[in-house]
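The structure appears below as structure tokens.
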Amino acid sequence: MTVHQFANIPSHHAIWAKTDQRSKSRSAGGPAWNPLTAHALDTAACVGQLWDRYLTPGIRSRLAQAFGADDDAAARLVVMLLAALHDLGKGSGCFLRQFGTGRHDRANLLRGQALSDWLRLAADVGLPRDPDPNAQVTARHEHVTAAHLPRLLGCTGADCAGSGPCHPGLHTVALLLGGHHGHIPGTETVERAFGAAPFERWKRPYRALVTEVAELIGAPPLGELPRLIRPERPSVLPLFAGLVVLADWLASSEDHFTFRRLEEPPAAWWAASRRQAERAVDALLLDKWNADPVGWPNLFPGTEPRPLQAAALAALPRSGPALVIVESDTGSGKTRLALAVAHALALGCGHQGVYFALPTRAAANQIGAELREFVARASGGAGIANLAVVHADAEGTDLVHRLLAGTRTAQQSVLDALHDSIDAATCADTTPERPNDHGFTQVVLHPWYLRRCLGLVSTFAIGTVDQVVLAPQPSRHWMLRMLGLAGKVVVIDEAHAYQLFQQSMLRAAVEWLADAGASVVVLSATLPASVHRLLTQAWCTGRQRTLSDGEQHGHGHRHGPITVVDRHGVLTRSGASALGAPRRAEVRLASDPGPERLARHLLAEATNGGITAVVRNRVDAAIELHTAVRGFAGEYGWAEDEIVLLHGRLMGRDRLPIEDRLVRLLGPGPRRDRPNPQRPGRLLVIATQIVEQSLDIDFDRLYTDLAPVDLLLQRRGRLWRHPLNRPPGGCPLLTVLWRPDGTGLPLVEPPGNPDGHVYAPYTLAATWHALHRRADPDGVFRLVTPEHSRALIEEVYGPDRAPAPGPLTTLLARTHAAWQSDLAREYAHASVTPFRPYGPSRAKPVKATGLTSGGAHSDGDGGTHTGATGIAALSRLGEPTVEFLALYRQPDHALTLTYDRAGHLPVTTPDRLHRDRNLNLNTLAIPAHWTTTGPHPLPPPETWPTLHHHPVATFEASTGECLSGPLGLTYDPVHGFSRRPPS
């Protein structure tokens, strides 16, 4: 049909929503653009599929209350309609003028005939035109939606040019729809958008589109919407907004949805939308977890639950979500306990999946394999399940690439052609391999979930706690993060390891999750009582309940390691008799003899065998000791490969193989019922805090710098961790190295002790005091955990300080005052950073106008849209860093650039899968102040070369000297990057 034969179509069918930027539609014989009505129907169909297959009963119940007067079926249709109208503002001159221009035609594929045809059609059907485009107000299309939608849905208040009652719910959903590109706009932004598409000029096509879409969907009568739409519960706001974002991204995928032809009737469009939405959700594995009601032996074959694990399962409420806090020693089985609890809660509450949050990327990589096995056994052979790995180094890990391999077929290479942007939310239509033949679910990773924010949407995911910390902050698409977490059991591991800022963000996240109906499991070996109180109070704030101690009703045990707070706010404790045998260790306080003397002592002590670790608080100190050890190694008969250095200044290409080797040699081994057959006779590991809480490895002997007491207890957990790897009897030995000042007190403050830049000097001094006053005259303290753990932690972090002699009292008072001042600044920052569901009084729910962001706010994921200093979303406070890509220049005539030092991986490889992995493996981060301060600052990052939008540092392959970018850096595959003064 010709353009003129479309003259009788409704004018709103000429409003375009998507254009064929990659010629995918036209190459298949389709049109050059997709009508807005068609995209609206695609989005509605995606919402319908997600409602039926992805959302949990708890989330659907909350949405039903907000959009259907508690009628699930009515709410489903209302939400489908509202989501369909998210792009209504594309009916505006400022948007429609972009056809064939700018970012809407990156390859200049639409200029010419396609543009001419559309302009002629728009004129023929009478689509409104701006009298003077140059004088027309411009606004983003989503803000135009927010401006006009309340009036179209039936608001008759003064703000909608009426004289009747105002309907706040309609304005709320309009504002939320106005945030579908990531930031909910403020009222001033919406008010400016009125002028971009004057209502009187556009009301006919707007109303025709709304009416047609509502009729096709089968939505309730439009006149009923003001009564039905009442989103008042705080969690409904991000849940609805996140659902719209997810549905829009699905519907924008040209790999799943085709452009519609104008000659086809809209009923045919709607039928196609429903078919394609179903296939898209199939392909992207978006079905919620159908937990199989199996017992412990099926989940963890060959094992029986330990008493602590059994006690945790027995303590769970019979119905409803819960907050579960487990405080137990490292190595006590908390990981499996958390997974079993998540399984039980999913059976009882219909939770959609699990997110396992860990303090470090290394920990996520290691536990990911165990989570993969759990998912395979806990899903009832349901076919295929998706497991996302969510952290910055994910694409560089073997786990991710093993999971990705499960989605590839012999005929497909979609991973090599992933698109650079989520703008169109595109992904290839990959059909994963069929499940294996063992009756278990096949666990894979669809590449779609490697894009920003989408990892949390996956039914199962593992990553860093940063993702939970970012969820309540005003970063781009924060509502999508919240939607991904809200339907899950969120496991927060090593909860003691987070700074006050992160704890404050976790409090906000727990409040939102509790309000949304999620469950939260918190694991810790050394949780301060203050953090315990913060978490239980946050849960009750989100549940809008007053904390009630179940022991008053005869439940629980006063000092049990398991705390459960149910949906009603009733707290019970249990597990006091399930802790098992206490773990003993001999702790020695010893002055640090310096790197050379310590090196000789370590080499001599382990000459006849043993696995020794030294944990240093700073990378420079670890490198200094490692250099000394290597210098004396030959004298004591040690081989180079018996000495290992591990720290955080290495790129993933060099660090990950070291971590893998340590886990292979010092981990539990392939069979947990037998000793690890690969465990060497002797090994000396010099490391930073990476080994403290990231790797399941086991040492015979441990030395550590003086550190805060909770971290010392955590490091002690790496001693004699796997009983099968050593003979019975004996006692593990932990030596705490401290630096005395001239008076016999610990030196904890810079510049005398640089460790005071890493940890608050007060926590170092108070820890030394807590250990010293318990030690015998030889400096030995016999530590029994968990018996001693609580008292030690509260002595350092609690409000009451232990008495101390005069000079020590002065040191403690001075450093405590400085610490409190730092905490006050950190708390002040944290108190204004996150969105909170309820106000300070806990009675006033937040409104959509209280969730606005944009402008200077950031992506929150290290994206290119960096926010202004001080208001960017942060996962932790600390010194800013500059991330860059490290490449090697080979000494050949072509000056080839490679990812590896040996020159086997040129950057010109066309394989997208391997390119993305190499980009992650070669990413480094340096302190930002290196480029701004000091006598010889490095060149600013904006002057460095780039590759694939990443700043690049090029290093000479043979010497490690930086040749371009941050001149003044050097890189060594053992010692990592360092800064040298210019010659």
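To be explicit about the labels: the chains of the structure tokens are called A, B, and onward in the order shown, and within each one the residues are counted from 1, while ligands get numbers from 1 in the order they are shown.
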Any idea what's packed within 12 Å of A:Arg192, counting only C-alpha atoms, ignoring anything in its chain fewer than 5 positions away? Could you give it as a PDB file with all heavy atoms, in the first residue's frame?
```
ATOM      1  N   GLN A 136       9.087  26.496  19.715  1.00  0.00           N
ATOM      2  CA  GLN A 136       8.354  25.541  20.538  1.00  0.00           C
ATOM      3  C   GLN A 136       9.176  25.135  21.755  1.00  0.00           C
ATOM      4  O   GLN A 136      10.393  24.941  21.678  1.00  0.00           O
ATOM      5  CB  GLN A 136       8.025  24.298  19.708  1.00  0.00           C
ATOM      6  CG  GLN A 136       7.161  23.276  20.427  1.00  0.00           C
ATOM      7  CD  GLN A 136       5.772  23.828  20.690  1.00  0.00           C
ATOM      8  OE1 GLN A 136       5.155  24.408  19.803  1.00  0.00           O
ATOM      9  NE2 GLN A 136       5.295  23.660  21.897  1.00  0.00           N
ATOM     10  N   VAL A 137       8.503  25.010  22.907  1.00  0.00           N
ATOM     11  CA  VAL A 137       9.151  24.494  24.109  1.00  0.00           C
ATOM     12  C   VAL A 137       9.574  23.048  23.860  1.00  0.00           C
ATOM     13  O   VAL A 137       8.841  22.272  23.235  1.00  0.00           O
ATOM     14  CB  VAL A 137       8.192  24.563  25.308  1.00  0.00           C
ATOM     15  CG1 VAL A 137       8.801  23.904  26.535  1.00  0.00           C
ATOM     16  CG2 VAL A 137       7.826  26.015  25.601  1.00  0.00           C
ATOM     17  N   THR A 138      10.748  22.689  24.302  1.00  0.00           N
ATOM     18  CA  THR A 138      11.201  21.302  24.156  1.00  0.00           C
ATOM     19  C   THR A 138      11.171  20.615  25.517  1.00  0.00           C
ATOM     20  O   THR A 138      11.397  21.242  26.556  1.00  0.00           O
ATOM     21  CB  THR A 138      12.628  21.226  23.581  1.00  0.00           C
ATOM     22  OG1 THR A 138      13.524  21.927  24.459  1.00  0.00           O
ATOM     23  CG2 THR A 138      12.672  21.843  22.190  1.00  0.00           C
ATOM     24  N   ALA A 139      10.870  19.343  25.492  1.00  0.00           N
ATOM     25  CA  ALA A 139      10.839  18.539  26.715  1.00  0.00           C
ATOM     26  C   ALA A 139      11.035  17.088  26.322  1.00  0.00           C
ATOM     27  O   ALA A 139      10.768  16.679  25.189  1.00  0.00           O
ATOM     28  CB  ALA A 139       9.508  18.713  27.454  1.00  0.00           C
ATOM     29  N   ARG A 140      11.491  16.310  27.256  1.00  0.00           N
ATOM     30  CA  ARG A 140      11.619  14.873  27.013  1.00  0.00           C
ATOM     31  C   ARG A 140      10.232  14.260  26.945  1.00  0.00           C
ATOM     32  O   ARG A 140       9.309  14.678  27.659  1.00  0.00           O
ATOM     33  CB  ARG A 140      12.440  14.225  28.119  1.00  0.00           C
ATOM     34  CG  ARG A 140      13.914  14.635  28.129  1.00  0.00           C
ATOM     35  CD  ARG A 140      14.668  13.900  29.229  1.00  0.00           C
ATOM     36  NE  ARG A 140      14.600  12.472  29.041  1.00  0.00           N
ATOM     37  CZ  ARG A 140      15.465  11.758  28.306  1.00  0.00           C
ATOM     38  NH1 ARG A 140      16.450  12.377  27.664  1.00  0.00           N
ATOM     39  NH2 ARG A 140      15.344  10.453  28.206  1.00  0.00           N
ATOM     40  N   HIS A 141      10.101  13.228  26.098  1.00  0.00           N
ATOM     41  CA  HIS A 141       8.759  12.672  25.878  1.00  0.00           C
ATOM     42  C   HIS A 141       8.154  12.097  27.152  1.00  0.00           C
ATOM     43  O   HIS A 141       6.939  12.169  27.363  1.00  0.00           O
ATOM     44  CB  HIS A 141       8.809  11.608  24.769  1.00  0.00           C
ATOM     45  CG  HIS A 141       9.508  10.340  25.172  1.00  0.00           C
ATOM     46  ND1 HIS A 141      10.861  10.143  24.982  1.00  0.00           N
ATOM     47  CD2 HIS A 141       9.043   9.200  25.747  1.00  0.00           C
ATOM     48  CE1 HIS A 141      11.191   8.943  25.420  1.00  0.00           C
ATOM     49  NE2 HIS A 141      10.114   8.345  25.888  1.00  0.00           N
ATOM     50  N   HIS A 143       8.414  13.209  30.102  1.00  0.00           N
ATOM     51  CA  HIS A 143       7.897  14.306  30.919  1.00  0.00           C
ATOM     52  C   HIS A 143       6.586  14.834  30.341  1.00  0.00           C
ATOM     53  O   HIS A 143       5.712  15.292  31.108  1.00  0.00           O
ATOM     54  CB  HIS A 143       8.944  15.407  31.014  1.00  0.00           C
ATOM     55  CG  HIS A 143      10.232  14.952  31.616  1.00  0.00           C
ATOM     56  ND1 HIS A 143      11.451  15.580  31.382  1.00  0.00           N
ATOM     57  CD2 HIS A 143      10.512  13.888  32.426  1.00  0.00           C
ATOM     58  CE1 HIS A 143      12.402  14.949  32.033  1.00  0.00           C
ATOM     59  NE2 HIS A 143      11.858  13.912  32.672  1.00  0.00           N
ATOM     60  N   VAL A 144       6.439  14.766  29.031  1.00  0.00           N
ATOM     61  CA  VAL A 144       5.159  15.124  28.422  1.00  0.00           C
ATOM     62  C   VAL A 144       4.087  14.131  28.870  1.00  0.00           C
ATOM     63  O   VAL A 144       2.943  14.513  29.166  1.00  0.00           O
ATOM     64  CB  VAL A 144       5.274  15.165  26.885  1.00  0.00           C
ATOM     65  CG1 VAL A 144       3.919  15.442  26.239  1.00  0.00           C
ATOM     66  CG2 VAL A 144       6.292  16.214  26.449  1.00  0.00           C
ATOM     67  N   THR A 145       4.438  12.862  28.932  1.00  0.00           N
ATOM     68  CA  THR A 145       3.510  11.859  29.468  1.00  0.00           C
ATOM     69  C   THR A 145       3.055  12.244  30.872  1.00  0.00           C
ATOM     70  O   THR A 145       1.857  12.233  31.188  1.00  0.00           O
ATOM     71  CB  THR A 145       4.176  10.467  29.514  1.00  0.00           C
ATOM     72  OG1 THR A 145       4.553  10.064  28.197  1.00  0.00           O
ATOM     73  CG2 THR A 145       3.227   9.429  30.096  1.00  0.00           C
ATOM     74  N   ALA A 146       4.023  12.564  31.719  1.00  0.00           N
ATOM     75  CA  ALA A 146       3.688  12.915  33.103  1.00  0.00           C
ATOM     76  C   ALA A 146       2.793  14.146  33.175  1.00  0.00           C
ATOM     77  O   ALA A 146       1.940  14.256  34.069  1.00  0.00           O
ATOM     78  CB  ALA A 146       4.966  13.147  33.900  1.00  0.00           C
ATOM     79  N   ALA A 147       2.951  15.070  32.231  1.00  0.00           N
ATOM     80  CA  ALA A 147       2.173  16.303  32.256  1.00  0.00           C
ATOM     81  C   ALA A 147       0.701  16.061  31.897  1.00  0.00           C
ATOM     82  O   ALA A 147      -0.204  16.597  32.549  1.00  0.00           O
ATOM     83  CB  ALA A 147       2.795  17.324  31.304  1.00  0.00           C
ATOM     84  N   HIS A 148       0.439  15.264  30.878  1.00  0.00           N
ATOM     85  CA  HIS A 148      -0.916  15.177  30.329  1.00  0.00           C
ATOM     86  C   HIS A 148      -1.721  13.967  30.784  1.00  0.00           C
ATOM     87  O   HIS A 148      -2.946  13.963  30.668  1.00  0.00           O
ATOM     88  CB  HIS A 148      -0.848  15.171  28.793  1.00  0.00           C
ATOM     89  CG  HIS A 148      -0.400  16.465  28.205  1.00  0.00           C
ATOM     90  ND1 HIS A 148      -0.816  17.678  28.675  1.00  0.00           N
ATOM     91  CD2 HIS A 148       0.438  16.735  27.159  1.00  0.00           C
ATOM     92  CE1 HIS A 148      -0.260  18.651  27.959  1.00  0.00           C
ATOM     93  NE2 HIS A 148       0.510  18.103  27.040  1.00  0.00           N
ATOM     94  N   PRO A 185      10.813  12.546  37.547  1.00  0.00           N
ATOM     95  CA  PRO A 185      11.015  13.991  37.439  1.00  0.00           C
ATOM     96  C   PRO A 185      10.339  14.761  38.572  1.00  0.00           C
ATOM     97  O   PRO A 185       9.372  14.301  39.175  1.00  0.00           O
ATOM     98  CB  PRO A 185      10.352  14.327  36.092  1.00  0.00           C
ATOM     99  CG  PRO A 185       9.258  13.306  35.968  1.00  0.00           C
ATOM    100  CD  PRO A 185       9.812  12.044  36.583  1.00  0.00           C
ATOM    101  N   GLY A 186      10.856  15.944  38.826  1.00  0.00           N
ATOM    102  CA  GLY A 186      10.227  16.840  39.773  1.00  0.00           C
ATOM    103  C   GLY A 186       9.063  17.581  39.140  1.00  0.00           C
ATOM    104  O   GLY A 186       8.893  17.599  37.912  1.00  0.00           O
ATOM    105  N   THR A 187       8.262  18.211  39.978  1.00  0.00           N
ATOM    106  CA  THR A 187       7.073  18.896  39.468  1.00  0.00           C
ATOM    107  C   THR A 187       7.431  20.047  38.531  1.00  0.00           C
ATOM    108  O   THR A 187       6.698  20.312  37.572  1.00  0.00           O
ATOM    109  CB  THR A 187       6.238  19.422  40.641  1.00  0.00           C
ATOM    110  OG1 THR A 187       7.076  20.215  41.504  1.00  0.00           O
ATOM    111  CG2 THR A 187       5.659  18.271  41.448  1.00  0.00           C
ATOM    112  N   ALA A 197       3.753  20.130  24.198  1.00  0.00           N
ATOM    113  CA  ALA A 197       2.651  19.527  23.434  1.00  0.00           C
ATOM    114  C   ALA A 197       1.356  20.067  24.003  1.00  0.00           C
ATOM    115  O   ALA A 197       0.733  19.415  24.848  1.00  0.00           O
ATOM    116  CB  ALA A 197       2.711  18.008  23.502  1.00  0.00           C
ATOM    117  N   PRO A 198       0.948  21.263  23.606  1.00  0.00           N
ATOM    118  CA  PRO A 198      -0.270  21.851  24.164  1.00  0.00           C
ATOM    119  C   PRO A 198      -1.443  20.883  24.108  1.00  0.00           C
ATOM    120  O   PRO A 198      -1.705  20.270  23.074  1.00  0.00           O
ATOM    121  CB  PRO A 198      -0.501  23.077  23.274  1.00  0.00           C
ATOM    122  CG  PRO A 198       0.863  23.444  22.787  1.00  0.00           C
ATOM    123  CD  PRO A 198       1.573  22.145  22.594  1.00  0.00           C
TER     124      PRO A 198
END
```
From the DSSP assignment of the backbone, select every residue of stretch 570-692 of chain A that is alpha helix (DSSP H), and format the answer as a PyMOL selection string. chain A and resi 595-605+619-633+652-666+690-692
Selection above as a file: N, CA and C atoms, as a compact mmCIF listing (two decimals), in the first residue's frame:
```txt
# COMPACT_ATOMS: atom_id res chain seq x y z
N PRO A 595 60.21 -6.00 58.22
CA PRO A 595 60.04 -6.98 57.14
C PRO A 595 61.19 -7.98 57.03
N GLU A 596 62.42 -7.57 57.22
CA GLU A 596 63.54 -8.50 57.01
C GLU A 596 63.59 -9.55 58.11
N ARG A 597 63.50 -9.14 59.37
CA ARG A 597 63.52 -10.11 60.47
C ARG A 597 62.30 -11.02 60.42
N LEU A 598 61.14 -10.45 60.09
CA LEU A 598 59.93 -11.26 59.99
C LEU A 598 60.06 -12.26 58.85
N ALA A 599 60.65 -11.86 57.74
CA ALA A 599 60.83 -12.76 56.61
C ALA A 599 61.69 -13.95 56.99
N ARG A 600 62.79 -13.71 57.65
CA ARG A 600 63.66 -14.82 58.06
C ARG A 600 62.93 -15.75 59.04
N HIS A 601 62.18 -15.16 59.96
CA HIS A 601 61.44 -15.98 60.94
C HIS A 601 60.41 -16.87 60.23
N LEU A 602 59.68 -16.32 59.29
CA LEU A 602 58.65 -17.09 58.59
C LEU A 602 59.26 -18.24 57.81
N LEU A 603 60.34 -17.98 57.10
CA LEU A 603 60.97 -19.02 56.29
C LEU A 603 61.54 -20.12 57.17
N ALA A 604 62.15 -19.73 58.29
CA ALA A 604 62.74 -20.74 59.17
C ALA A 604 61.66 -21.56 59.86
N GLU A 605 60.60 -20.91 60.31
CA GLU A 605 59.55 -21.60 61.06
C GLU A 605 58.88 -22.70 60.24
N VAL A 619 48.76 -2.68 51.06
CA VAL A 619 49.43 -3.34 49.94
C VAL A 619 50.93 -3.10 50.01
N ASP A 620 51.34 -1.86 50.30
CA ASP A 620 52.77 -1.57 50.34
C ASP A 620 53.48 -2.44 51.36
N ALA A 621 52.86 -2.66 52.52
CA ALA A 621 53.48 -3.50 53.55
C ALA A 621 53.57 -4.95 53.08
N ALA A 622 52.56 -5.44 52.37
CA ALA A 622 52.59 -6.81 51.85
C ALA A 622 53.70 -6.96 50.82
N ILE A 623 53.83 -5.98 49.93
CA ILE A 623 54.87 -6.04 48.90
C ILE A 623 56.25 -5.98 49.54
N GLU A 624 56.41 -5.13 50.53
CA GLU A 624 57.70 -5.00 51.20
C GLU A 624 58.11 -6.32 51.86
N LEU A 625 57.18 -6.98 52.54
CA LEU A 625 57.48 -8.26 53.15
C LEU A 625 57.75 -9.32 52.09
N HIS A 626 56.97 -9.34 51.04
CA HIS A 626 57.17 -10.32 49.97
C HIS A 626 58.54 -10.16 49.33
N THR A 627 58.97 -8.93 49.13
CA THR A 627 60.30 -8.69 48.56
C THR A 627 61.38 -9.23 49.47
N ALA A 628 61.23 -9.01 50.77
CA ALA A 628 62.23 -9.52 51.72
C ALA A 628 62.23 -11.04 51.75
N VAL A 629 61.05 -11.66 51.74
CA VAL A 629 60.96 -13.12 51.77
C VAL A 629 61.63 -13.72 50.54
N ARG A 630 61.35 -13.17 49.37
CA ARG A 630 61.97 -13.70 48.15
C ARG A 630 63.48 -13.52 48.17
N GLY A 631 63.93 -12.45 48.80
CA GLY A 631 65.37 -12.24 48.88
C GLY A 631 66.09 -13.29 49.72
N PHE A 632 65.42 -13.80 50.75
CA PHE A 632 66.03 -14.80 51.63
C PHE A 632 65.61 -16.23 51.30
N ALA A 633 64.71 -16.43 50.36
CA ALA A 633 64.11 -17.74 50.13
C ALA A 633 65.16 -18.80 49.80
N GLY A 652 42.60 -8.09 37.17
CA GLY A 652 41.99 -9.40 37.30
C GLY A 652 42.74 -10.49 36.56
N ARG A 653 43.37 -10.13 35.45
CA ARG A 653 44.13 -11.11 34.67
C ARG A 653 45.21 -11.76 35.50
N ASP A 654 45.78 -11.03 36.44
CA ASP A 654 46.85 -11.57 37.27
C ASP A 654 46.35 -12.03 38.63
N ARG A 655 45.28 -11.39 39.15
CA ARG A 655 44.80 -11.73 40.49
C ARG A 655 43.97 -13.00 40.51
N LEU A 656 43.05 -13.16 39.55
CA LEU A 656 42.13 -14.29 39.58
C LEU A 656 42.84 -15.64 39.52
N PRO A 657 43.89 -15.81 38.70
CA PRO A 657 44.60 -17.11 38.73
C PRO A 657 45.22 -17.41 40.09
N ILE A 658 45.68 -16.37 40.79
CA ILE A 658 46.24 -16.60 42.13
C ILE A 658 45.14 -17.06 43.08
N GLU A 659 43.99 -16.40 43.04
CA GLU A 659 42.88 -16.81 43.89
C GLU A 659 42.45 -18.24 43.58
N ASP A 660 42.35 -18.56 42.29
CA ASP A 660 41.95 -19.92 41.91
C ASP A 660 42.95 -20.95 42.41
N ARG A 661 44.23 -20.62 42.33
CA ARG A 661 45.26 -21.56 42.80
C ARG A 661 45.16 -21.77 44.31
N LEU A 662 44.95 -20.70 45.06
CA LEU A 662 44.85 -20.84 46.51
C LEU A 662 43.63 -21.68 46.90
N VAL A 663 42.51 -21.45 46.24
CA VAL A 663 41.31 -22.24 46.55
C VAL A 663 41.54 -23.70 46.20
N ARG A 664 42.20 -23.94 45.09
CA ARG A 664 42.46 -25.32 44.68
C ARG A 664 43.39 -26.03 45.68
N LEU A 665 44.42 -25.33 46.16
CA LEU A 665 45.40 -25.95 47.04
C LEU A 665 44.96 -25.94 48.51
N LEU A 666 44.31 -24.86 48.94
CA LEU A 666 44.04 -24.67 50.37
C LEU A 666 42.55 -24.73 50.70
N ILE A 690 42.09 -9.41 51.31
CA ILE A 690 41.36 -10.26 50.37
C ILE A 690 41.08 -11.64 50.96
N VAL A 691 42.03 -12.18 51.74
CA VAL A 691 41.84 -13.52 52.29
C VAL A 691 40.98 -13.51 53.55
N GLU A 692 40.66 -12.34 54.03
CA GLU A 692 39.95 -12.23 55.30
C GLU A 692 38.52 -12.74 55.23
```
Wanna dump the stretch 565-648 of chain A-stretch 789-810 of chain A contacts at 12 Å for me, each residue with its shortest atom pair and the distance in Å to one decimal, counting only C-alpha atoms, ordered by chain and number, as a Markdown table?
```
| residue | atom | partner | partner_atom | distance |
| --- | --- | --- | --- | --- |
| A:Pro582 | CA | A:Ser789 | CA | 11.2 |
| A:Arg583 | CA | A:Ser789 | CA | 11.0 |
| A:Arg584 | CA | A:Ser789 | CA | 11.6 |
```
Shell of 10 Å around A:Pro305, only C-alpha atoms, local chain residues under 6 positions omitted, as a PyMOL selection string: chain A and resi 296-297+311+313+333+336-337+340
Can you write out the residues you just picked, keeping N, CA and C atoms, as a short mmCIF file (atom, residue, chain, number, x, y, z; two decimals), in the first residue's frame?
```cif
data_model
loop_
_atom_site.label_atom_id
_atom_site.label_comp_id
_atom_site.auth_asym_id
_atom_site.auth_seq_id
_atom_site.Cartn_x
_atom_site.Cartn_y
_atom_site.Cartn_z
N TRP A 296 16.70 -31.45 53.05
CA TRP A 296 18.13 -31.16 53.08
C TRP A 296 18.95 -32.17 52.26
N PRO A 297 18.73 -33.47 52.39
CA PRO A 297 19.57 -34.41 51.62
C PRO A 297 19.48 -34.20 50.11
N ALA A 311 18.42 -25.76 63.55
CA ALA A 311 17.76 -24.82 64.44
C ALA A 311 17.22 -23.62 63.68
N LEU A 313 16.23 -23.51 60.53
CA LEU A 313 15.04 -23.93 59.78
C LEU A 313 13.84 -24.09 60.70
N GLY A 333 29.03 -23.23 58.59
CA GLY A 333 28.00 -23.66 57.66
C GLY A 333 26.93 -22.63 57.39
N ARG A 336 25.30 -22.57 53.55
CA ARG A 336 24.25 -23.57 53.29
C ARG A 336 23.02 -23.30 54.15
N LEU A 337 23.25 -22.83 55.36
CA LEU A 337 22.11 -22.47 56.19
C LEU A 337 21.26 -21.42 55.49
N ALA A 340 19.32 -22.91 52.55
CA ALA A 340 18.20 -23.74 53.01
C ALA A 340 17.07 -22.87 53.55
#
```
Just the number, please: distance in Å from atom CA of A:Ala606 to atom CA of A:Arg682, one decimal. 7.0 Å
Please compute the atom CA of A:Val758-atom CA of A:Gly742 distance, one decimal, in Å. 22.4 Å
Excluding stretch 531-541 of chain A and residues on its chain fewer than 4 positions from it, collect all residues at most 7 Å away from it, counting only C-alpha atoms, and give them as number ranges by chain. A: 323, 507, 510-511, 514, 527, 545-547, 569, 842
A:Arg377 environment, 10 Å, only C-alpha atoms, sequence neighbours closer than 2 positions dropped, as a PyMOL selection string: chain A and resi 291-292+294+298-301+371-375+379-382+439-443
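Taking atom CA of A:Gly331 as the reference point, atom CA of A:Asp698 is found at 10.0 Å.
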Near A:Leu745, within 10 Å and counting only C-alpha atoms, which residues show up once chain neighbours fewer than 2 positions away are dropped, as JSON, numbers by chain? {"A": [738, 739, 740, 741, 742, 743, 747, 748, 765, 768, 769, 807, 808, 811]}
Hey, what's within 9 Å of A:Val614 if we count only C-alpha atoms and toss same-chain stuff fewer than 3 positions away? As a PDB file with N, CA and C atoms, in the first residue's frame, please?
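Written file, around-v6.pdb:
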```pdb
ATOM      1  N   ALA A 622      52.556  -5.439  52.374  1.00  0.00           N
ATOM      2  CA  ALA A 622      52.592  -6.811  51.853  1.00  0.00           C
ATOM      3  C   ALA A 622      53.697  -6.961  50.816  1.00  0.00           C
ATOM      4  N   LEU A 684      53.797 -20.354  51.765  1.00  0.00           N
ATOM      5  CA  LEU A 684      53.773 -19.089  52.488  1.00  0.00           C
ATOM      6  C   LEU A 684      52.968 -18.091  51.660  1.00  0.00           C
ATOM      7  N   VAL A 685      51.874 -17.613  52.225  1.00  0.00           N
ATOM      8  CA  VAL A 685      50.975 -16.688  51.537  1.00  0.00           C
ATOM      9  C   VAL A 685      51.039 -15.340  52.239  1.00  0.00           C
ATOM     10  N   ILE A 686      51.408 -14.323  51.499  1.00  0.00           N
ATOM     11  CA  ILE A 686      51.436 -12.953  52.011  1.00  0.00           C
ATOM     12  C   ILE A 686      50.313 -12.214  51.291  1.00  0.00           C
ATOM     13  N   ALA A 687      49.384 -11.669  52.056  1.00  0.00           N
ATOM     14  CA  ALA A 687      48.175 -11.137  51.431  1.00  0.00           C
ATOM     15  C   ALA A 687      47.666  -9.935  52.202  1.00  0.00           C
ATOM     16  N   THR A 688      46.761  -9.236  51.576  1.00  0.00           N
ATOM     17  CA  THR A 688      46.009  -8.180  52.256  1.00  0.00           C
ATOM     18  C   THR A 688      44.660  -8.766  52.691  1.00  0.00           C
ATOM     19  N   ARG A 701      48.996 -21.763  60.140  1.00  0.00           N
ATOM     20  CA  ARG A 701      49.599 -20.744  61.001  1.00  0.00           C
ATOM     21  C   ARG A 701      49.292 -19.388  60.389  1.00  0.00           C
ATOM     22  N   LEU A 702      48.956 -18.392  61.252  1.00  0.00           N
ATOM     23  CA  LEU A 702      48.548 -17.096  60.734  1.00  0.00           C
ATOM     24  C   LEU A 702      49.206 -15.978  61.530  1.00  0.00           C
ATOM     25  N   TYR A 703      49.771 -15.034  60.781  1.00  0.00           N
ATOM     26  CA  TYR A 703      50.253 -13.774  61.327  1.00  0.00           C
ATOM     27  C   TYR A 703      49.381 -12.667  60.737  1.00  0.00           C
ATOM     28  N   THR A 704      49.086 -11.665  61.553  1.00  0.00           N
ATOM     29  CA  THR A 704      48.279 -10.566  61.054  1.00  0.00           C
ATOM     30  C   THR A 704      48.709  -9.257  61.689  1.00  0.00           C
ATOM     31  N   ASP A 705      48.650  -8.185  60.917  1.00  0.00           N
ATOM     32  CA  ASP A 705      48.802  -6.866  61.505  1.00  0.00           C
ATOM     33  C   ASP A 705      47.664  -6.611  62.479  1.00  0.00           C
TER      34      ASP A 705
END
```
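DSSP on the backbone gives strand (DSSP E) for these parts of stretch 316-409 of chain A: Ala322, Leu323, Val324, Ile325, Val326, Glu327, Gly353, Val354, Tyr355, Phe356, Ala357, Leu358, Ile384, Ala385, Asn386, Leu387, Ala388, Val389 and Val390 of chain A.
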